[in-house]
Amino acid sequence: MMAMTENPAEEGRLGQSTAARITLASLSGIAAVFCLGIVTGVTAGFLEKGDLSVRAGTIGAVCFAIGLLLLWVAFRQVRAIFAEPMGKNTRRARLMMGVSVLVGVVFGVLMAVGEKGESPILSGADLSPTIAIILAIGALVIVPVLTWVWWRALDEHEAGAYSDGAVVALNFNLSVTAAWWVLARGGLMEPVEAMPVFMLTIVIWSAIWLWKRYF
Amino acid sequence: MNNRLRVLRAERQWSQAELGARLDVSRQAVNAIETGKHDPSLPLAFRIARLFDMKIEDIFDDGHD
């Protein structure tokens, strides 16, 4: 039995509330990672020196408490998203989105673990060959499979939003890559770098997709 | 395209999420259809019509007589 709202006619633009929940969950999660990173730093310092100042200990304890609180906030938001009535395919699509986020986190951790020198996530620094092979297999196999299962579960409204974002992002990618390439050939720019264009393409795609989906 | 989806939903005391669950689309999709930002495909329009036991043209109006 599905729950009734008190006044469905006055429900308004409920689509935004999920966007607000996703935004709050994301920001809480990022802030929690930041806080727990400070805790890790304080702990590492203690293990290295065998001593902990009152100030550092207080900062670590406060950051630990705030980090846990933020994780709880993020968890409540995600739980609220899944608590509303939804059909089988809608639930599957949201589940696949959650799985994709987890896979992305695992990829990020693997990249950080496999780094040689500075952070390789955006820098293009060398990775260990083993980690590189694992990540390449993930990009070539896991990501397409997840995307396909998610795509099959999407409703037509989200599929349209995703497609609109893809068209704009692809045209951006084509234009920028071509312009950069000819400018590089003319000696006016460095050779085309794939990662900045790739990242901007992803940002544009995601922004348009989320905008058309939730606003 | 204009439609009577919000009125029909309110008459049955359904939330957007409930209607979405009955149609197996997201709450955002229901919201987009109700506000005229998304015109449903023909299969979805038929599902909506069947759910409310009405004809498609009694729910959706493209502005032409």
# chains A, B, ... in the order shown; residues from 1 in each chain; ligands from 1
>>> select_by_dssp(residues="chain B", states="alpha helix (DSSP H)", output="ChimeraX atom specification")
/B:5-11,16-23,27-34,42-52,56-59
>>> residues_around(residues="Val197 in chain A", least_positions_apart="6", cutoff="8 Å", atoms="only C-alpha atoms", output="list in words")
Asn173, Val176 and Thr177 of chain A
>>> write_last_selection(atoms="all heavy atoms", output="CSV table (one decimal), in the first residue's frame")
chain,number,residue,atom,x,y,z
A,173,ASN,N,32.9,18.6,-27.7
A,173,ASN,CA,34.2,17.8,-27.8
A,173,ASN,C,34.7,17.9,-29.3
A,173,ASN,O,35.9,18.2,-29.5
A,173,ASN,CB,33.9,16.3,-27.5
A,173,ASN,CG,35.2,15.5,-27.3
A,173,ASN,OD1,35.9,15.4,-28.3
A,173,ASN,ND2,35.4,15.0,-26.2
A,176,VAL,N,36.0,21.7,-29.9
A,176,VAL,CA,37.2,22.1,-29.1
A,176,VAL,C,38.4,21.3,-29.6
A,176,VAL,O,39.5,21.9,-29.8
A,176,VAL,CB,36.9,21.9,-27.6
A,176,VAL,CG1,38.2,22.1,-26.9
A,176,VAL,CG2,35.9,22.9,-27.1
A,177,THR,N,38.2,20.0,-29.8
A,177,THR,CA,39.3,19.2,-30.2
A,177,THR,C,39.8,19.6,-31.6
A,177,THR,O,41.0,19.8,-31.8
A,177,THR,CB,38.9,17.7,-30.3
A,177,THR,OG1,38.4,17.3,-29.0
A,177,THR,CG2,40.1,16.8,-30.7
>>> atom_distance(atom1="CA of Pro85 in chain A", atom2="CA of Ser15 in chain B")
9.2 Å
>>> interface_residues(of="chain B", to="chain A", cutoff="12 Å", atoms="only C-alpha atoms", output="number ranges by chain")
B: 4-45
>>> residues_around(residues="range 61-78 of chain A", least_positions_apart="5", cutoff="10 Å", atoms="only C-alpha atoms", output="ChimeraX atom specification")
/A:18,20-40,42,55-56,83,98
>>> residues_around(residues="Ala179 in chain A", least_positions_apart="5", cutoff="12 Å", atoms="only C-alpha atoms", output="VMD selection string")
chain A and resid 172 to 174 184 to 186 188 to 189 191 to 192 197
>>> residues_around(residues="Met97 in chain A", least_positions_apart="3", cutoff="9 Å", atoms="only C-alpha atoms", output="list in words")
Arg92, Ala93, Arg94, Ser100, Val101, Leu102, Leu146, Thr147 and Trp150 of chain A
>>> write_last_selection(atoms="N, CA and C atoms", output="tab-separated table (two decimals), in the first residue's frame")
chain	number	residue	atom	x	y	z
A	92	ARG	N	15.50	0.08	-10.09
A	92	ARG	CA	16.70	-0.53	-10.66
A	92	ARG	C	17.64	0.55	-11.19
A	93	ALA	N	17.07	1.58	-11.85
A	93	ALA	CA	17.90	2.65	-12.40
A	93	ALA	C	18.64	3.38	-11.28
A	94	ARG	N	17.94	3.64	-10.17
A	94	ARG	CA	18.58	4.35	-9.07
A	94	ARG	C	19.64	3.47	-8.40
A	100	SER	N	27.19	2.64	-9.72
A	100	SER	CA	28.15	3.37	-10.55
A	100	SER	C	29.00	4.33	-9.71
A	101	VAL	N	28.34	4.99	-8.76
A	101	VAL	CA	29.09	5.91	-7.88
A	101	VAL	C	30.12	5.12	-7.07
A	102	LEU	N	29.72	3.95	-6.55
A	102	LEU	CA	30.65	3.13	-5.78
A	102	LEU	C	31.83	2.67	-6.64
A	146	LEU	N	27.54	-1.61	-16.81
A	146	LEU	CA	26.71	-0.83	-15.88
A	146	LEU	C	25.85	0.17	-16.64
A	147	THR	N	26.46	0.85	-17.62
A	147	THR	CA	25.72	1.85	-18.39
A	147	THR	C	24.56	1.20	-19.15
A	150	TRP	N	21.80	0.21	-16.71
A	150	TRP	CA	21.14	1.45	-16.26
A	150	TRP	C	20.26	2.02	-17.38
>>> residues_around(residues="range 137-145 of chain A", least_positions_apart="4", cutoff="10 Å", atoms="only C-alpha atoms", output="VMD selection string")
chain A and resid 100 103 to 104 107 131 to 133 149 to 151
>>> closest_residue(among="A:Met96, A:Gly45, A:Thr201, A:Ser128", to="Ala169 in chain A", atoms="only C-alpha atoms")
A:Thr201
>>> atom_distance(atom1="CA of Ile56 in chain B", atom2="CA of Trp211 in chain A")
28.7 Å
>>> select_by_dssp(residues="chain B", states="strand (DSSP E or B)", output="list in words")
Asn2, Asn3, Phe60 and Asp61 of chain B
